[in-house]
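What follows is protein10.pdb (PDB, C-alpha atoms).
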ATOM      1  CA  MET A1044     -38.412 -49.635  24.371
ATOM      2  CA  LYS A1045     -40.676 -48.293  21.657
ATOM      3  CA  ASN A1046     -40.474 -44.792  23.178
ATOM      4  CA  PHE A1047     -36.680 -44.991  23.237
ATOM      5  CA  PHE A1048     -36.378 -45.774  19.518
ATOM      6  CA  THR A1049     -39.007 -43.181  18.643
ATOM      7  CA  SER A1050     -37.184 -40.419  20.476
ATOM      8  CA  LEU A1051     -33.785 -41.622  19.154
ATOM      9  CA  PHE A1052     -34.905 -41.577  15.517
ATOM     10  CA  GLY A1053     -36.742 -38.299  16.056
ATOM     11  CA  THR A1054     -33.577 -36.726  17.465
ATOM     12  CA  LEU A1055     -31.435 -38.125  14.619
ATOM     13  CA  ALA A1056     -33.914 -36.845  12.027
ATOM     14  CA  GLY A1057     -33.857 -33.418  13.692
ATOM     15  CA  LEU A1058     -30.067 -33.375  13.633
ATOM     16  CA  VAL A1059     -29.997 -34.335   9.945
ATOM     17  CA  VAL A1060     -32.524 -31.605   9.093
ATOM     18  CA  PHE A1061     -30.516 -29.081  11.144
ATOM     19  CA  ALA A1062     -27.217 -30.115   9.500
ATOM     20  CA  LEU A1063     -28.705 -29.849   6.002
ATOM     21  CA  GLY A1064     -30.196 -26.443   6.828
ATOM     22  CA  ALA A1065     -26.889 -25.216   8.262
ATOM     23  CA  CYS A1066     -25.008 -26.417   5.145
ATOM     24  CA  PHE A1067     -27.532 -24.691   2.887
ATOM     25  CA  CYS A1068     -27.287 -21.426   4.858
ATOM     26  CA  GLY A1069     -23.476 -21.658   4.856
ATOM     27  CA  LEU A1070     -23.348 -22.192   1.095
ATOM     28  CA  LEU A1071     -25.773 -19.315   0.584
ATOM     29  CA  LEU A1072     -23.587 -17.058   2.742
ATOM     30  CA  ILE A1073     -20.449 -18.042   0.805
ATOM     31  CA  VAL A1074     -22.169 -17.366  -2.530
ATOM     32  CA  LEU A1075     -23.332 -13.953  -1.300
ATOM     33  CA  LEU A1076     -19.850 -13.032  -0.062
ATOM     34  CA  VAL A1077     -18.211 -14.120  -3.314
ATOM     35  CA  SER A1078     -20.704 -12.246  -5.448
ATOM     36  CA  ALA A1079     -20.350  -9.119  -3.281
ATOM     37  CA  GLY A1080     -16.563  -9.327  -3.525
ATOM     38  CA  LYS A1081     -16.522  -9.272  -7.314
ATOM     39  CA  SER A1082     -15.875  -5.757  -8.483
ATOM     40  CA  GLN A1083     -17.279  -4.408 -11.673
ATOM     41  CA  PRO A1084     -14.648  -3.576 -14.284
ATOM     42  CA  GLN A1085     -13.670   0.074 -14.136
ATOM     43  CA  THR A1086     -13.857   2.057 -17.326
ATOM     44  CA  VAL A1087     -11.311   4.763 -17.931
ATOM     45  CA  GLU A1088     -12.313   7.624 -20.148
ATOM     46  CA  SER A1089      -9.882   9.012 -22.660
ATOM     47  CA  GLY A1090      -7.867  11.935 -21.286
ATOM     48  CA  SER A1091      -8.010  10.768 -17.646
ATOM     49  CA  TYR A1092      -5.232  11.450 -15.153
ATOM     50  CA  LEU A1093      -3.897   8.776 -12.840
ATOM     51  CA  VAL A1094      -3.982  10.237  -9.316
ATOM     52  CA  PHE A1095      -1.073   9.056  -7.167
ATOM     53  CA  ASP A1096      -1.874   9.795  -3.524
ATOM     54  CA  LEU A1097       1.386   9.946  -1.612
ATOM     55  CA  GLU A1098      -0.367   9.407   1.758
ATOM     56  CA  ALA A1099       1.001   5.879   1.938
ATOM     57  CA  ASN A1100       3.918   3.791   3.078
ATOM     58  CA  ILE A1101       5.761   2.220   0.129
ATOM     59  CA  THR A1102       7.207  -1.192   1.016
ATOM     60  CA  ASP A1103       9.042  -3.951  -0.838
ATOM     61  CA  ALA A1104       6.965  -6.761   0.652
ATOM     62  CA  PRO A1105       3.247  -7.189   1.266
ATOM     63  CA  LYS A1106       2.015  -6.136   4.669
ATOM     64  CA  ASN A1107       1.640  -8.890   7.262
ATOM     65  CA  PHE A1108      -1.912  -9.412   8.460
ATOM     66  CA  SER A1109      -2.677  -8.500  12.030
ATOM     67  CA  PHE A1110      -6.043  -8.540  13.790
ATOM     68  CA  SER A1111      -5.263  -5.065  15.162
ATOM     69  CA  ASP A1112      -5.516  -3.799  11.565
ATOM     70  CA  LEU A1113      -9.251  -4.456  11.697
ATOM     71  CA  THR A1114      -9.801  -2.047  14.581
ATOM     72  CA  SER A1115      -7.165   0.642  14.168
ATOM     73  CA  GLU A1116      -6.554   3.073  11.350
ATOM     74  CA  GLU A1117      -3.094   2.638   9.954
ATOM     75  CA  VAL A1118      -1.267   4.297   7.135
ATOM     76  CA  PRO A1119      -2.165   2.613   3.838
ATOM     77  CA  THR A1120       0.605   0.474   2.376
ATOM     78  CA  LEU A1121       1.561   0.303  -1.285
ATOM     79  CA  GLN A1122       3.763  -2.452  -2.648
ATOM     80  CA  LEU A1123       6.691  -1.095  -4.620
ATOM     81  CA  ARG A1124       6.365  -3.605  -7.458
ATOM     82  CA  ALA A1125       2.625  -2.980  -7.912
ATOM     83  CA  LEU A1126       3.165   0.785  -7.846
ATOM     84  CA  THR A1127       5.935   0.786 -10.461
ATOM     85  CA  ARG A1128       3.954  -1.619 -12.669
ATOM     86  CA  THR A1129       0.920   0.658 -12.469
ATOM     87  CA  LEU A1130       2.932   3.744 -13.379
ATOM     88  CA  ARG A1131       4.602   1.983 -16.314
ATOM     89  CA  ALA A1132       1.232   0.643 -17.495
ATOM     90  CA  ALA A1133      -0.133   4.199 -17.331
ATOM     91  CA  ALA A1134       2.766   5.310 -19.532
ATOM     92  CA  ARG A1135       1.674   2.797 -22.197
ATOM     93  CA  ASP A1136      -2.091   3.321 -21.829
ATOM     94  CA  LYS A1137      -3.536   5.594 -24.519
ATOM     95  CA  LYS A1138      -6.468   6.635 -22.309
ATOM     96  CA  ILE A1139      -4.268   7.979 -19.506
ATOM     97  CA  ALA A1140      -3.243  11.578 -20.227
ATOM     98  CA  GLY A1141      -0.818  11.982 -17.316
ATOM     99  CA  VAL A1142      -0.122  11.490 -13.609
ATOM    100  CA  LEU A1143      -1.071  13.795 -10.724
ATOM    101  CA  MET A1144       0.755  13.373  -7.400
ATOM    102  CA  THR A1145      -0.850  14.754  -4.233
ATOM    103  CA  GLY A1146      -0.314  14.443  -0.498
ATOM    104  CA  SER A1147       2.739  13.711   1.569
ATOM    105  CA  LEU A1148       4.516  10.399   2.127
ATOM    106  CA  SER A1149       3.972   8.624   5.442
ATOM    107  CA  PRO A1150       7.034   6.467   6.095
ATOM    108  CA  SER A1151       6.544   3.741   8.661
ATOM    109  CA  GLY A1152       9.037   1.114   9.770
ATOM    110  CA  TYR A1153      11.418   0.291   6.948
ATOM    111  CA  GLY A1154       9.053   1.506   4.225
ATOM    112  CA  THR A1155       9.441   4.480   1.909
ATOM    113  CA  GLY A1156      13.223   4.380   1.882
ATOM    114  CA  TYR A1157      15.312   6.222  -0.670
ATOM    115  CA  ALA A1158      15.962   3.045  -2.672
ATOM    116  CA  ALA A1159      12.212   2.476  -3.093
ATOM    117  CA  LEU A1160      11.710   6.146  -3.946
ATOM    118  CA  LYS A1161      14.425   5.900  -6.579
ATOM    119  CA  GLU A1162      12.491   3.112  -8.315
ATOM    120  CA  VAL A1163       9.208   5.039  -8.107
ATOM    121  CA  ARG A1164      10.960   8.128  -9.487
ATOM    122  CA  ALA A1165      12.335   6.049 -12.380
ATOM    123  CA  ALA A1166       8.796   4.850 -13.162
ATOM    124  CA  LEU A1167       7.581   8.463 -13.098
ATOM    125  CA  MET A1168      10.389   9.389 -15.500
ATOM    126  CA  ASP A1169       9.171   6.581 -17.794
ATOM    127  CA  VAL A1170       5.756   8.265 -17.811
ATOM    128  CA  ARG A1171       7.410  11.544 -18.786
ATOM    129  CA  ALA A1172       9.510   9.777 -21.435
ATOM    130  CA  ALA A1173       6.244   8.532 -22.970
ATOM    131  CA  GLY A1174       5.306  12.180 -23.538
ATOM    132  CA  LYS A1175       2.757  12.406 -20.738
ATOM    133  CA  PRO A1176       2.863  15.167 -18.126
ATOM    134  CA  VAL A1177       3.513  14.385 -14.485
ATOM    135  CA  LYS A1178       2.162  17.047 -12.136
ATOM    136  CA  ALA A1179       2.692  17.347  -8.396
ATOM    137  CA  PHE A1180       0.656  19.294  -5.847
ATOM    138  CA  LEU A1181       2.239  19.378  -2.408
ATOM    139  CA  SER A1182       0.718  20.915   0.707
ATOM    140  CA  SER A1183       3.631  20.237   3.039
ATOM    141  CA  ALA A1184       6.640  18.523   1.580
ATOM    142  CA  SER A1185       9.601  16.789   3.134
ATOM    143  CA  THR A1186      12.837  15.775   1.440
ATOM    144  CA  ARG A1187      11.308  12.485   0.322
ATOM    145  CA  ASP A1188       8.214  14.181  -1.118
ATOM    146  CA  TYR A1189      10.277  16.716  -3.020
ATOM    147  CA  TYR A1190      12.564  13.967  -4.326
ATOM    148  CA  LEU A1191       9.565  12.232  -5.902
ATOM    149  CA  ALA A1192       8.095  15.539  -7.063
ATOM    150  CA  SER A1193      11.364  16.397  -8.806
ATOM    151  CA  ALA A1194      10.346  13.872 -11.481
ATOM    152  CA  ALA A1195       7.279  15.989 -12.257
ATOM    153  CA  SER A1196       7.062  18.426 -15.127
ATOM    154  CA  ASP A1197       5.038  20.859 -12.961
ATOM    155  CA  ILE A1198       5.280  21.250  -9.180
ATOM    156  CA  ALA A1199       2.788  23.331  -7.211
ATOM    157  CA  LEU A1200       3.113  24.052  -3.491
ATOM    158  CA  ASP A1201       0.172  25.229  -1.414
ATOM    159  CA  PRO A1202       0.679  28.951  -0.672
ATOM    160  CA  TYR A1203       0.299  28.211   3.037
ATOM    161  CA  GLY A1204       2.250  24.985   2.719
ATOM    162  CA  LEU A1205       5.608  24.057   4.116
ATOM    163  CA  LEU A1206       8.754  22.813   2.433
ATOM    164  CA  LEU A1207      10.942  21.080   5.006
ATOM    165  CA  MET A1208      14.279  19.895   3.623
ATOM    166  CA  PRO A1209      16.828  19.226   6.352
ATOM    167  CA  GLY A1210      18.917  17.195   3.912
ATOM    168  CA  LEU A1211      20.984  14.097   4.377
ATOM    169  CA  ALA A1212      23.861  13.962   6.820
ATOM    170  CA  SER A1213      26.655  11.644   7.828
ATOM    171  CA  ARG A1214      29.074  11.797  10.680
ATOM    172  CA  PRO A1215      32.398   9.971  10.982
ATOM    173  CA  MET A1216      32.770   7.644  13.944
ATOM    174  CA  PHE A1217      35.999   7.758  15.938
ATOM    175  CA  TYR A1218      36.617   4.491  17.766
ATOM    176  CA  SER A1219      40.338   4.790  18.495
ATOM    177  CA  GLY A1220      39.815   6.219  21.994
ATOM    178  CA  ALA A1221      37.385   3.447  22.916
ATOM    179  CA  PHE A1222      39.710   0.779  21.495
ATOM    180  CA  GLU A1223      42.658   2.153  23.537
ATOM    181  CA  LYS A1224      40.581   1.854  26.724
ATOM    182  CA  PHE A1225      40.195  -1.870  26.079
ATOM    183  CA  GLY A1226      43.823  -2.337  25.148
ATOM    184  CA  ILE A1227      43.317  -2.727  21.424
ATOM    185  CA  GLY A1228      45.987  -1.020  19.351
ATOM    186  CA  VAL A1229      44.803   0.863  16.318
TER
END
Can you give me the file's structure in the form of structure tokens?
Amino acid sequence: MKNFFTSLFGTLAGLVVFALGACFCGLLLIVLLVSAGKSQPQTVESGSYLVFDLEANITDAPKNFSFSDLTSEEVPTLQLRALTRTLRAAARDKKIAGVLMTGSLSPSGYGTGYAALKEVRAALMDVRAAGKPVKAFLSSASTRDYYLASAASDIALDPYGLLLMPGLASRPMFYSGAFEKFGIGV
């Protein structure tokens, strides 16, 4: 019986020591992750330009998390509200001299629609209204890219670049023939 209690208490003591060690290591790991996640405040020098990289999908809502995002490279997503706030804050910031737009939009799903682009363009016009230049450098531009770039005071296109503007189109739908087939009078 003495051997039973000795091994029982020895096992319990080992489990307690292991649990305390695991808790300590877990807390240490959490502290390291939190301290690594804190970013140092960025300093902006006077006369700096805010670079707006258009290589993104502009959406109204935050992107839903998916585990496939960890393994695959997807188009970066910008939230419309955060983007317009940033541009309007740059218009008020004395250290920001202007805005430089580069790249080409990458619409995906329902993102980067003309309504969202209208709001971004209005924010860019607010930057211009504050007396700051907005410059655009496009390598290959679509209708959406050129629409945003039209808010710029200077637009530069790569000499070997491409400007593709098919335009917007609408087509009337004629349903009367289909309705007559089903016996519906129009």
Target residues per the PyMOL selection byres ((chain A and resi 1132) around 12), formatted as JSON, numbers by chain
{"A": [1093, 1125, 1126, 1127, 1128, 1129, 1130, 1131, 1133, 1134, 1135, 1136, 1137, 1138, 1139, 1141, 1142, 1166, 1167, 1169, 1170, 1173]}
Measuring atom to atom with all atoms listed in the file, identify which of A:Leu1072, A:Leu1200, A:Leu1207, A:Ala1140 is nearest to Ser1089 of chain A.
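Of A:Leu1072, A:Leu1200, A:Leu1207, A:Ala1140, the one nearest Ser1089 of chain A, counting all atoms listed in the file, is A:Ala1140.
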Would you mind listing what lies within 12 Å of Gly1154 of chain A as a list of chain:residue names, with all atoms listed in the file counted and same-chain residues fewer than 5 positions away left out?
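Near neighbours after the sequence-gap exclusion: A:Ala1099, A:Asn1100, A:Ile1101, A:Thr1102, A:Asp1103, A:Ala1104, A:Pro1105, A:Lys1106, A:Val1118, A:Pro1119, A:Thr1120, A:Leu1121, A:Gln1122, A:Leu1123, A:Leu1148, A:Ser1149, A:Ala1159, A:Leu1160, A:Arg1187.
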What does the structure give for the distance between atom CA of Asp1096 of chain A and atom CA of Gly1156 of chain A, in Å to one decimal?
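Calculated distance between atom CA of Asp1096 of chain A and atom CA of Gly1156 of chain A is 16.9 Å.
The gap separating atom CA of Ser1147 of chain A from atom CA of Phe1180 of chain A is 9.5 Å, in Å to one decimal.
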Could you write out as a list in words the residues that the PyMOL selection byres ((chain A and resi 1210) around 10) matches in the shown file?
Ser1185, Thr1186, Arg1187, Leu1207, Met1208, Pro1209, Leu1211 and Ala1212 of chain A
Please, what distance in Å, to one decimal, runs between atom CA of Glu1162 of chain A and atom CA of Leu1191 of chain A?
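Going from atom CA of Glu1162 of chain A over to atom CA of Leu1191 of chain A covers 9.9 Å.
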With only C-alpha atoms as the atoms that count, which of A:Ser1219, A:Thr1145, A:Ser1183, A:Ser1050 lies nearest to Val1094 of chain A?
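That would be A:Thr1145, the residue with the smallest distance to Val1094 of chain A.
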Would you please work out which residue, of A:Tyr1218, A:Phe1095, A:Phe1048, A:Phe1225, is nearest to Ala1179 of chain A when using all atoms listed in the file?
A:Phe1095
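Here the question is which of A:Ala1199, A:Val1060, A:Leu1055, A:Met1216 gets nearest to Gly1146 of chain A using all atoms listed in the file, and that residue is A:Ala1199.
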Distance criterion (all atoms listed in the file): nearest to Thr1155 of chain A out of A:Val1177, A:Leu1097, A:Leu1058, A:Met1168:
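Once distances to Thr1155 of chain A are computed over all atoms listed in the file, the minimum belongs to A:Leu1097.
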